[in-house]
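File shown: model-v4.txt. Contents: compact mmCIF, C-alpha atoms.
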# COMPACT_ATOMS: atom_id res chain seq x y z
CA MET E 27 -175.12 94.74 150.79
CA LEU E 28 -172.86 92.96 153.26
CA LYS E 29 -170.68 95.03 155.57
CA ILE E 30 -168.34 93.47 158.12
CA TYR E 31 -166.79 95.69 160.78
CA TYR E 32 -163.87 94.78 163.06
CA ASN E 33 -163.03 96.58 166.28
CA GLU E 34 -159.84 98.52 165.65
CA LYS E 35 -159.38 99.08 169.38
CA ASP E 36 -159.36 95.41 170.34
CA ASN E 37 -155.91 93.82 170.50
CA SER E 38 -156.89 90.21 171.16
CA ASP E 39 -155.54 87.36 169.07
CA THR E 40 -158.92 85.75 168.45
CA ALA E 41 -159.33 84.01 165.08
CA ILE E 42 -162.74 84.09 163.42
CA LYS E 43 -164.07 82.37 160.32
CA LEU E 44 -167.37 83.83 159.15
CA THR E 45 -169.51 82.07 156.54
CA ILE E 46 -172.55 83.86 155.09
CA LYS E 47 -174.40 82.30 152.19
CA GLU E 48 -177.99 83.16 151.33
CA ASP E 49 -179.69 83.27 154.77
CA TYR E 50 -177.20 80.91 156.43
CA CYS E 51 -174.54 82.21 158.83
CA LYS E 52 -171.83 80.19 160.58
CA VAL E 53 -169.10 81.41 162.92
CA GLU E 54 -166.04 79.41 163.98
CA ILE E 55 -163.83 80.90 166.71
CA THR E 56 -160.56 80.08 168.44
CA SER E 57 -159.52 82.29 171.35
CA ASP E 58 -156.09 83.84 171.62
CA ASP E 59 -154.92 81.38 174.30
CA GLY E 60 -156.42 78.37 172.55
CA ARG E 61 -158.44 77.37 175.60
CA ARG E 62 -161.81 78.36 174.15
CA SER E 63 -163.14 77.42 170.75
CA GLY E 64 -166.35 76.51 169.06
CA ALA E 65 -168.85 77.19 166.31
CA ASP E 66 -172.51 77.98 165.98
CA VAL E 67 -174.94 78.53 163.13
CA ILE E 68 -177.88 80.79 162.33
CA GLU E 69 -179.82 78.38 160.18
CA ASN E 70 -182.16 80.98 158.72
CA MET E 71 -181.37 84.67 159.11
CA LEU E 72 -184.68 86.51 159.27
CA PRO E 73 -185.24 90.00 157.83
CA TYR E 74 -185.11 92.96 160.21
CA ASN E 75 -183.52 90.91 162.96
CA SER E 76 -180.60 91.13 165.40
CA TYR E 77 -178.34 88.29 166.55
CA ALA E 78 -175.54 88.21 169.12
CA LEU E 79 -172.77 85.64 169.53
CA VAL E 80 -171.92 85.28 173.23
CA ASP E 81 -169.54 83.21 175.29
CA ASN E 82 -171.43 80.07 176.20
CA THR E 83 -171.37 79.13 179.87
CA ASN E 84 -173.02 75.76 179.12
CA GLY E 85 -170.24 74.68 176.77
CA SER E 86 -172.59 73.29 174.11
CA THR E 87 -175.07 74.42 171.48
CA LYS E 88 -177.59 72.84 169.14
CA ILE E 89 -176.96 72.92 165.38
CA TYR E 90 -179.62 71.35 163.18
CA ARG E 91 -181.06 69.31 166.10
CA ARG E 92 -177.62 68.04 167.04
CA VAL E 93 -175.97 69.10 170.30
CA THR E 94 -172.37 70.13 169.65
CA ARG E 95 -169.63 71.23 172.02
CA SER E 96 -169.01 74.97 171.70
CA ASP E 97 -167.84 77.75 173.96
CA TYR E 98 -169.90 80.22 171.91
CA GLN E 99 -173.54 80.43 170.84
CA TRP E 100 -175.81 82.66 168.76
CA LEU E 101 -178.78 84.38 170.41
CA ASP E 102 -181.82 85.49 168.43
CA LEU E 103 -182.31 88.82 170.20
CA ASN E 104 -185.62 89.63 168.53
CA ARG E 105 -187.28 86.38 169.53
CA LEU E 106 -185.93 86.56 173.08
CA GLY E 107 -186.85 90.24 173.34
CA VAL E 108 -190.50 89.55 172.49
CA ALA E 109 -190.64 86.80 175.10
CA MET E 110 -188.77 88.60 177.89
CA LYS E 111 -189.62 92.25 177.20
CA MET E 112 -186.03 93.14 178.03
CA ASP E 113 -183.33 95.29 176.47
CA PHE E 114 -181.06 93.37 174.12
CA ALA E 115 -177.95 94.21 176.15
CA ASP E 116 -179.55 92.80 179.30
CA ILE E 117 -180.52 89.61 177.44
CA VAL E 118 -176.90 89.06 176.39
CA GLN E 119 -175.82 89.14 180.04
CA LEU E 120 -178.32 86.43 180.95
CA TYR E 121 -176.64 83.96 178.58
CA GLY E 122 -173.00 85.03 178.75
CA THR E 123 -170.67 87.70 180.05
CA TYR E 124 -170.08 89.55 176.79
CA SER E 125 -170.93 89.67 173.09
CA LEU E 126 -168.24 88.80 170.57
CA ILE E 127 -170.24 89.44 167.40
CA GLN E 128 -173.50 91.11 166.51
CA ALA E 129 -175.26 90.57 163.19
CA ASP E 130 -178.12 92.81 162.08
CA THR E 131 -180.23 92.21 159.00
CA GLY E 132 -182.44 94.45 156.92
CA VAL E 133 -184.40 93.21 153.95
CA MET E 134 -183.55 89.58 153.08
CA ALA E 135 -184.87 88.92 149.57
CA ASP E 136 -183.45 86.91 146.69
CA ASP E 137 -182.50 90.14 144.89
CA GLU E 138 -181.18 92.00 147.91
CA LYS E 139 -179.79 91.04 151.30
CA ASP E 140 -178.74 93.79 153.70
CA ILE E 141 -176.51 92.54 156.52
CA ILE E 142 -174.15 94.32 158.91
CA VAL E 143 -171.83 92.21 161.09
CA ARG E 144 -169.72 93.74 163.86
CA LEU E 145 -166.78 91.79 165.29
CA PHE E 146 -166.03 93.13 168.76
CA THR E 147 -163.17 90.78 169.67
CA VAL E 148 -160.91 89.73 166.81
CA ASP E 149 -157.45 89.98 165.29
CA LYS E 150 -157.89 91.77 161.95
CA ASP E 151 -155.26 89.53 160.38
CA LYS E 152 -157.10 86.41 161.53
CA ILE E 153 -160.46 87.14 159.93
CA GLU E 154 -161.56 84.65 157.29
CA ILE E 155 -164.73 85.39 155.32
CA ASP E 156 -166.60 83.06 153.02
CA ALA E 157 -169.58 84.84 151.44
CA ASP E 158 -171.70 84.40 148.33
CA GLN E 159 -171.95 88.16 147.77
CA GLU E 160 -169.53 91.06 147.62
CA TYR E 161 -168.67 92.55 151.01
CA GLU E 162 -166.80 95.42 152.61
CA LEU E 163 -164.38 94.91 155.50
CA LEU E 164 -164.36 98.10 157.56
CA ALA E 165 -163.07 99.31 160.92
CA PHE E 166 -164.99 100.74 163.88
CA ASN E 167 -164.00 101.85 167.36
CA SER E 168 -165.91 100.38 170.29
CA ASP E 169 -165.47 103.66 172.20
CA ASP E 170 -167.93 105.26 169.77
CA LEU E 171 -170.74 102.80 170.49
CA ALA E 172 -172.20 104.60 173.50
CA LEU E 173 -173.23 107.71 171.55
CA GLY E 174 -173.18 106.32 168.03
CA SER E 175 -176.18 105.26 165.94
CA HIS E 176 -177.02 101.56 165.95
CA PRO E 177 -176.99 99.75 162.57
CA ARG E 178 -180.68 98.95 163.05
CA ARG E 179 -181.46 102.64 162.45
CA SER E 180 -180.26 102.41 158.86
CA LEU E 181 -181.04 98.75 158.15
CA TRP E 182 -184.59 98.56 159.48
CA ASP E 183 -187.08 100.29 157.24
CA SER E 184 -189.98 102.37 158.59
CA TYR E 185 -193.72 102.60 158.06
CA SER E 186 -195.69 105.81 157.75
CA LEU E 187 -199.38 106.04 158.58
CA THR E 188 -201.89 107.99 156.49
CA ALA E 189 -205.43 108.93 157.58
CA ASP E 190 -207.83 111.60 156.36
CA TRP E 191 -205.34 112.55 153.60
CA THR E 192 -202.58 113.33 156.12
CA GLU E 193 -199.41 111.24 156.26
CA TYR E 194 -197.68 110.83 159.61
CA LYS E 195 -194.10 109.67 160.19
CA ALA E 196 -192.85 108.72 163.66
CA ASN E 197 -190.12 106.56 165.16
CA ASP E 198 -190.29 103.78 167.74
CA LYS E 199 -190.41 106.31 170.59
CA GLY E 200 -193.45 108.09 169.18
CA TYR E 201 -191.56 111.20 168.04
CA PHE E 202 -192.85 112.65 164.78
CA THR E 203 -190.39 113.66 162.08
CA ASP E 204 -192.11 117.06 161.70
CA ASP E 205 -190.67 117.87 165.15
CA THR E 206 -193.77 119.65 166.44
CA ASP E 207 -195.66 119.45 169.72
CA ALA E 208 -199.03 119.89 168.03
CA GLU E 209 -201.70 117.25 168.52
CA HIS E 210 -202.15 115.13 165.44
CA ILE E 211 -205.92 115.07 165.16
CA ILE E 212 -208.00 112.78 162.95
CA PRO E 213 -211.68 113.74 162.43
CA ALA E 214 -213.99 111.45 164.34
CA ALA E 215 -215.97 108.87 162.38
CA GLU E 216 -217.48 105.44 162.84
CA SER E 217 -214.64 103.98 160.78
CA ILE E 218 -211.26 105.44 159.81
CA ALA E 219 -209.21 104.12 156.91
CA PHE E 220 -205.44 103.94 157.38
CA THR E 221 -202.73 103.38 154.78
CA ILE E 222 -199.29 102.00 155.70
CA THR E 223 -196.42 103.06 153.42
CA LYS E 224 -192.91 101.63 153.63
CA TYR E 225 -189.89 103.97 153.62
CA LYS E 226 -186.16 103.44 153.48
CA GLY E 227 -184.48 103.44 156.90
CA ASP E 228 -185.60 106.14 159.34
CA PHE E 229 -187.53 108.34 156.84
CA SER E 230 -184.53 110.69 156.51
CA SER E 231 -183.96 109.89 152.83
CA GLY E 232 -187.64 110.28 151.97
CA GLU E 233 -187.37 107.22 149.73
CA LYS E 234 -190.52 105.12 149.42
CA LEU E 235 -189.89 101.39 148.93
CA GLU E 236 -192.12 99.94 146.23
CA ARG E 237 -190.23 96.83 145.15
CA ASP E 238 -191.88 93.46 144.60
CA TYR E 239 -190.22 92.09 147.74
CA ASP E 240 -191.45 94.93 149.95
CA ASP E 241 -194.27 92.59 150.88
CA GLU E 242 -193.71 91.79 154.55
CA GLU E 243 -196.42 91.50 157.14
CA VAL E 244 -196.86 94.54 159.40
CA LEU E 245 -198.37 94.03 162.85
CA VAL E 246 -200.96 96.62 163.93
CA ASP E 247 -201.84 97.32 167.57
CA CYS E 248 -204.44 99.96 168.47
CA SER E 249 -205.13 101.17 172.00
CA ALA E 250 -208.80 101.91 171.22
CA GLY E 251 -211.43 100.71 168.79
CA CYS E 252 -211.09 97.59 166.67
CA ALA E 253 -208.91 97.12 163.57
CA ASN E 254 -210.30 94.94 160.79
CA ASN E 255 -206.79 93.54 160.11
CA ARG E 256 -203.99 93.35 162.68
CA ARG E 257 -201.51 91.64 160.33
CA VAL E 258 -201.38 93.76 157.20
CA ARG E 259 -199.57 92.22 154.23
CA LEU E 260 -197.87 94.92 152.16
CA GLU E 261 -198.01 94.91 148.38
CA ASN E 262 -195.15 96.86 146.80
CA GLY E 263 -194.66 98.61 150.12
CA VAL E 264 -198.28 99.65 150.72
CA GLY E 265 -201.04 98.17 152.89
CA HIS E 266 -204.42 99.19 154.31
CA PHE E 267 -206.58 98.60 157.35
CA VAL E 268 -209.72 100.14 158.84
CA LEU E 269 -210.19 101.16 162.48
CA TYR E 270 -213.74 100.94 163.80
CA THR E 271 -213.83 103.51 166.58
CA LEU E 272 -216.98 102.18 168.36
CA GLY E 273 -217.86 105.77 169.20
CA TYR E 274 -214.51 106.51 170.82
CA THR E 275 -212.94 109.98 170.69
CA GLY E 276 -209.72 111.04 172.35
CA PRO E 277 -206.04 109.99 172.34
CA ILE E 278 -205.12 106.77 170.58
CA LYS E 279 -201.82 104.93 170.22
CA ILE E 280 -201.20 102.88 167.07
CA LYS E 281 -198.09 100.70 166.95
CA LEU E 282 -196.65 99.24 163.76
CA GLY E 283 -194.07 96.46 163.94
CA ARG E 284 -193.05 92.97 162.86
CA LYS E 285 -193.58 89.50 164.25
CA TRP E 286 -190.39 89.46 166.29
CA TYR E 287 -190.17 93.22 166.91
CA GLU E 288 -193.65 94.41 167.65
CA VAL E 289 -193.11 98.18 167.79
CA TRP E 290 -190.93 99.95 165.25
CA ASN E 291 -193.13 102.97 164.52
CA GLU E 292 -195.44 104.37 167.20
CA TYR E 293 -198.17 106.90 166.43
CA ASN E 294 -199.79 108.96 169.17
CA LEU E 295 -202.85 110.51 167.54
CA VAL E 296 -206.14 112.05 168.63
CA ILE E 297 -209.53 111.07 167.30
CA GLY E 298 -211.49 114.28 167.72
CA GLY E 299 -213.94 116.72 166.25
CA GLU E 300 -217.61 116.19 165.65
CA ASN E 301 -218.56 112.60 164.89
CA ASN E 302 -220.75 112.90 161.83
CA GLY E 303 -221.24 109.17 161.49
CA ALA E 304 -219.32 109.05 158.23
CA SER E 305 -217.56 105.89 157.08
CA TYR E 306 -214.63 105.58 154.70
CA ASN E 307 -213.32 102.87 152.39
CA LEU E 308 -209.76 101.52 152.34
CA TYR E 309 -208.56 104.49 150.28
CA GLY E 310 -209.95 107.22 152.55
CA GLU E 311 -212.94 107.97 150.36
CA GLN E 312 -216.18 108.75 152.18
CA MET E 313 -218.83 106.08 151.65

Take the structure from the file and write it as structure tokens.
Amino acid sequence: MLKIYYNEKDNSDTAIKLTIKEDYCKVEITSDDGRRSGADVIENMLPYNSYALVDNTNGSTKIYRRVTRSDYQWLDLNRLGVAMKMDFADIVQLYGTYSLIQADTGVMADDEKDIIVRLFTVDKDKIEIDADQEYELLAFNSDDLALGSHPRRSLWDSYSLTADWTEYKANDKGYFTDDTDAEHIIPAAESIAFTITKYKGDFSSGEKLERDYDDEEVLVDCSAGCANNRRVRLENGVGHFVLYTLGYTGPIKIKLGRKWYEVWNEYNLVIGGENNGASYNLYGEQM
């Protein structure tokens, strides 16, 4: 799925050529007055990633180890966000004054590539697209961005967490989809087995993803105890890890994310109840 949106409110005369083939993306731009122009490349578009093309105050960019003159450059927002711990919009302002294009990716497999590209400043009649897959050219209004849902919400898939036969679903803010204020309590034990299950988008469709290419690595971060695997490789959308509690009981935060976006699902749980010393295997069965 490739969707390309142009801003119907913008009336600039900017010409854009967009090339997307496999995981390669190139943008060539000429401004309406002809004074600014340039090109930049995303050499390898990563899955579940966000990129922004900004006006380049340095006047040059590096493409395949070669420095090239360009008034525009791509930013890898995920990589910069991990390093800086800043909001993506604030990162854009560090490198330029505004964002001309944003590209967001979902799964990027041989059989399926989900990409949404939004062109904020462009003349609709001066858009040229060269893609190796079918695409839709659609309109959006930049006035709707403030309250609208970001493409990441539909493109980036989610991970549920199952323990003691109960499956939990929560977003990146720690809000559970069951919309309750109740404490989510897991019986205390020396070790607790967790199962990670991959779902489409934000859980709203209820669709589990069990394809051969649902095999990414999920990062696990626990605020207490010790996990036996902090980089869980999914197999057909499912993975397992064990938390050794070390005698701990009480609130615990478990974050699930990816290498360049470390928290996408956050689980605020409570390890409680009587610790009977029981241990469990990877499938939640008492040993």

Restricting the calculation to all atoms listed in the file, which member of E:Ser186, E:Asn82, E:Ser125, E:Asn262 is positioned closest to Asp66 of chain E? E:Asn82

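Across the structure, atom CA of Asp240 of chain E and atom CA of Thr221 of chain E are spaced 14.9 Å apart.
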
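The protein and nucleic acid residues lying at most 6 Å from Asp140 of chain E are Met27, Leu28, Thr131, Gly132 and Val133 of chain E, with all atoms listed in the file considered and sequence neighbours fewer than 4 positions away removed.
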
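Reported to one decimal place, the separation of atom CA of Asp137 of chain E from atom CA of Leu235 of chain E is 14.1 Å.
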
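Using only C-alpha atoms, every residue with an atom at most 6 Å from the point (-200.6, 98.9, 161.6) is listed here: Leu245, Val246 and Leu282 of chain E.
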
Put segment 179-192 of chain E into a file with all heavy atoms, as an mmCIF file, in the first residue's frame.
data_model
loop_
_atom_site.group_PDB
_atom_site.id
_atom_site.type_symbol
_atom_site.label_atom_id
_atom_site.label_comp_id
_atom_site.auth_asym_id
_atom_site.auth_seq_id
_atom_site.Cartn_x
_atom_site.Cartn_y
_atom_site.Cartn_z
ATOM 1 N N ARG E 179 -0.572 6.067 13.612
ATOM 2 C CA ARG E 179 -1.574 5.341 14.397
ATOM 3 C C ARG E 179 -2.167 4.181 13.609
ATOM 4 O O ARG E 179 -2.608 3.187 14.188
ATOM 5 C CB ARG E 179 -2.689 6.285 14.840
ATOM 6 C CG ARG E 179 -2.209 7.365 15.796
ATOM 7 C CD ARG E 179 -1.657 6.768 17.074
ATOM 8 N NE ARG E 179 -0.847 7.722 17.826
ATOM 9 C CZ ARG E 179 -0.130 7.405 18.880
ATOM 10 N NH1 ARG E 179 -0.104 6.149 19.307
ATOM 11 N NH2 ARG E 179 0.589 8.306 19.508
ATOM 12 N N SER E 180 -2.228 4.307 12.314
ATOM 13 C CA SER E 180 -2.769 3.218 11.499
ATOM 14 C C SER E 180 -1.667 2.358 10.886
ATOM 15 O O SER E 180 -1.851 1.157 10.665
ATOM 16 C CB SER E 180 -3.660 3.786 10.378
ATOM 17 O OG SER E 180 -2.917 4.668 9.547
ATOM 18 N N LEU E 181 -0.504 2.961 10.633
ATOM 19 C CA LEU E 181 0.587 2.222 9.991
ATOM 20 C C LEU E 181 1.352 1.341 10.967
ATOM 21 O O LEU E 181 1.750 0.232 10.635
ATOM 22 C CB LEU E 181 1.573 3.204 9.345
ATOM 23 C CG LEU E 181 1.258 3.722 7.947
ATOM 24 C CD1 LEU E 181 2.343 4.688 7.518
ATOM 25 C CD2 LEU E 181 1.142 2.594 6.956
ATOM 26 N N TRP E 182 1.579 1.855 12.172
ATOM 27 C CA TRP E 182 2.424 1.140 13.130
ATOM 28 C C TRP E 182 1.586 0.140 13.912
ATOM 29 O O TRP E 182 0.644 0.523 14.611
ATOM 30 C CB TRP E 182 3.101 2.128 14.067
ATOM 31 C CG TRP E 182 4.164 2.946 13.395
ATOM 32 C CD1 TRP E 182 4.383 3.076 12.048
ATOM 33 C CD2 TRP E 182 5.147 3.764 14.033
ATOM 34 N NE1 TRP E 182 5.433 3.912 11.805
ATOM 35 C CE2 TRP E 182 5.928 4.351 13.004
ATOM 36 C CE3 TRP E 182 5.440 4.051 15.355
ATOM 37 C CZ2 TRP E 182 6.978 5.202 13.271
ATOM 38 C CZ3 TRP E 182 6.494 4.902 15.627
ATOM 39 C CH2 TRP E 182 7.257 5.471 14.597
ATOM 40 N N ASP E 183 1.942 -1.114 13.791
ATOM 41 C CA ASP E 183 1.204 -2.174 14.457
ATOM 42 C C ASP E 183 1.546 -2.218 15.942
ATOM 43 O O ASP E 183 2.558 -1.675 16.397
ATOM 44 C CB ASP E 183 1.512 -3.516 13.790
ATOM 45 C CG ASP E 183 1.123 -3.507 12.318
ATOM 46 O OD1 ASP E 183 0.020 -3.027 12.015
ATOM 47 O OD2 ASP E 183 1.921 -3.959 11.473
ATOM 48 N N SER E 184 0.683 -2.886 16.725
ATOM 49 C CA SER E 184 0.790 -2.881 18.181
ATOM 50 C C SER E 184 1.068 -4.277 18.719
ATOM 51 O O SER E 184 0.880 -5.282 18.033
ATOM 52 C CB SER E 184 -0.505 -2.336 18.799
ATOM 53 O OG SER E 184 -0.725 -0.994 18.410
ATOM 54 N N TYR E 185 1.486 -4.300 19.988
ATOM 55 C CA TYR E 185 1.828 -5.566 20.639
ATOM 56 C C TYR E 185 1.064 -5.696 21.951
ATOM 57 O O TYR E 185 1.174 -4.841 22.838
ATOM 58 C CB TYR E 185 3.338 -5.626 20.931
ATOM 59 C CG TYR E 185 4.188 -5.365 19.710
ATOM 60 C CD1 TYR E 185 4.931 -4.192 19.606
ATOM 61 C CD2 TYR E 185 4.236 -6.278 18.667
ATOM 62 C CE1 TYR E 185 5.703 -3.940 18.487
ATOM 63 C CE2 TYR E 185 5.007 -6.036 17.538
ATOM 64 C CZ TYR E 185 5.736 -4.865 17.454
ATOM 65 O OH TYR E 185 6.504 -4.617 16.339
ATOM 66 N N SER E 186 0.284 -6.763 22.060
ATOM 67 C CA SER E 186 -0.384 -7.047 23.327
ATOM 68 C C SER E 186 0.563 -7.823 24.230
ATOM 69 O O SER E 186 1.604 -8.328 23.794
ATOM 70 C CB SER E 186 -1.665 -7.849 23.098
ATOM 71 O OG SER E 186 -1.353 -9.194 22.740
ATOM 72 N N LEU E 187 0.183 -7.925 25.499
ATOM 73 C CA LEU E 187 1.000 -8.621 26.482
ATOM 74 C C LEU E 187 0.086 -9.552 27.276
ATOM 75 O O LEU E 187 -0.927 -9.108 27.834
ATOM 76 C CB LEU E 187 1.667 -7.607 27.414
ATOM 77 C CG LEU E 187 2.875 -8.061 28.235
ATOM 78 C CD1 LEU E 187 4.004 -8.561 27.326
ATOM 79 C CD2 LEU E 187 3.379 -6.919 29.104
ATOM 80 N N THR E 188 0.439 -10.841 27.305
ATOM 81 C CA THR E 188 -0.369 -11.834 28.009
ATOM 82 C C THR E 188 0.427 -12.430 29.163
ATOM 83 O O THR E 188 1.588 -12.816 28.983
ATOM 84 C CB THR E 188 -0.810 -12.963 27.059
ATOM 85 O OG1 THR E 188 -1.596 -12.407 25.998
ATOM 86 C CG2 THR E 188 -1.650 -14.006 27.787
ATOM 87 N N ALA E 189 -0.206 -12.489 30.339
ATOM 88 C CA ALA E 189 0.398 -13.115 31.518
ATOM 89 C C ALA E 189 -0.707 -13.729 32.346
ATOM 90 O O ALA E 189 -1.794 -13.135 32.489
ATOM 91 C CB ALA E 189 1.188 -12.102 32.337
ATOM 92 N N ASP E 190 -0.457 -14.890 32.917
ATOM 93 C CA ASP E 190 -1.425 -15.576 33.769
ATOM 94 C C ASP E 190 -2.776 -15.692 33.060
ATOM 95 O O ASP E 190 -3.820 -15.442 33.646
ATOM 96 C CB ASP E 190 -1.571 -14.825 35.101
ATOM 97 C CG ASP E 190 -2.326 -15.641 36.143
ATOM 98 O OD1 ASP E 190 -2.034 -16.844 36.272
ATOM 99 O OD2 ASP E 190 -3.228 -15.076 36.800
ATOM 100 N N TRP E 191 -2.749 -16.019 31.771
ATOM 101 C CA TRP E 191 -3.925 -16.278 30.947
ATOM 102 C C TRP E 191 -4.752 -15.037 30.673
ATOM 103 O O TRP E 191 -5.874 -15.135 30.160
ATOM 104 C CB TRP E 191 -4.810 -17.367 31.578
ATOM 105 C CG TRP E 191 -4.039 -18.567 31.994
ATOM 106 C CD1 TRP E 191 -3.760 -18.978 33.262
ATOM 107 C CD2 TRP E 191 -3.398 -19.512 31.132
ATOM 108 N NE1 TRP E 191 -2.999 -20.124 33.264
ATOM 109 C CE2 TRP E 191 -2.763 -20.475 31.957
ATOM 110 C CE3 TRP E 191 -3.290 -19.647 29.758
ATOM 111 C CZ2 TRP E 191 -2.032 -21.542 31.457
ATOM 112 C CZ3 TRP E 191 -2.567 -20.722 29.253
ATOM 113 C CH2 TRP E 191 -1.951 -21.653 30.096
ATOM 114 N N THR E 192 -4.244 -13.858 31.004
ATOM 115 C CA THR E 192 -4.965 -12.614 30.727
ATOM 116 C C THR E 192 -4.184 -11.804 29.708
ATOM 117 O O THR E 192 -2.983 -11.574 29.871
ATOM 118 C CB THR E 192 -5.146 -11.779 32.008
ATOM 119 O OG1 THR E 192 -5.885 -12.545 32.972
ATOM 120 C CG2 THR E 192 -5.903 -10.492 31.714
#
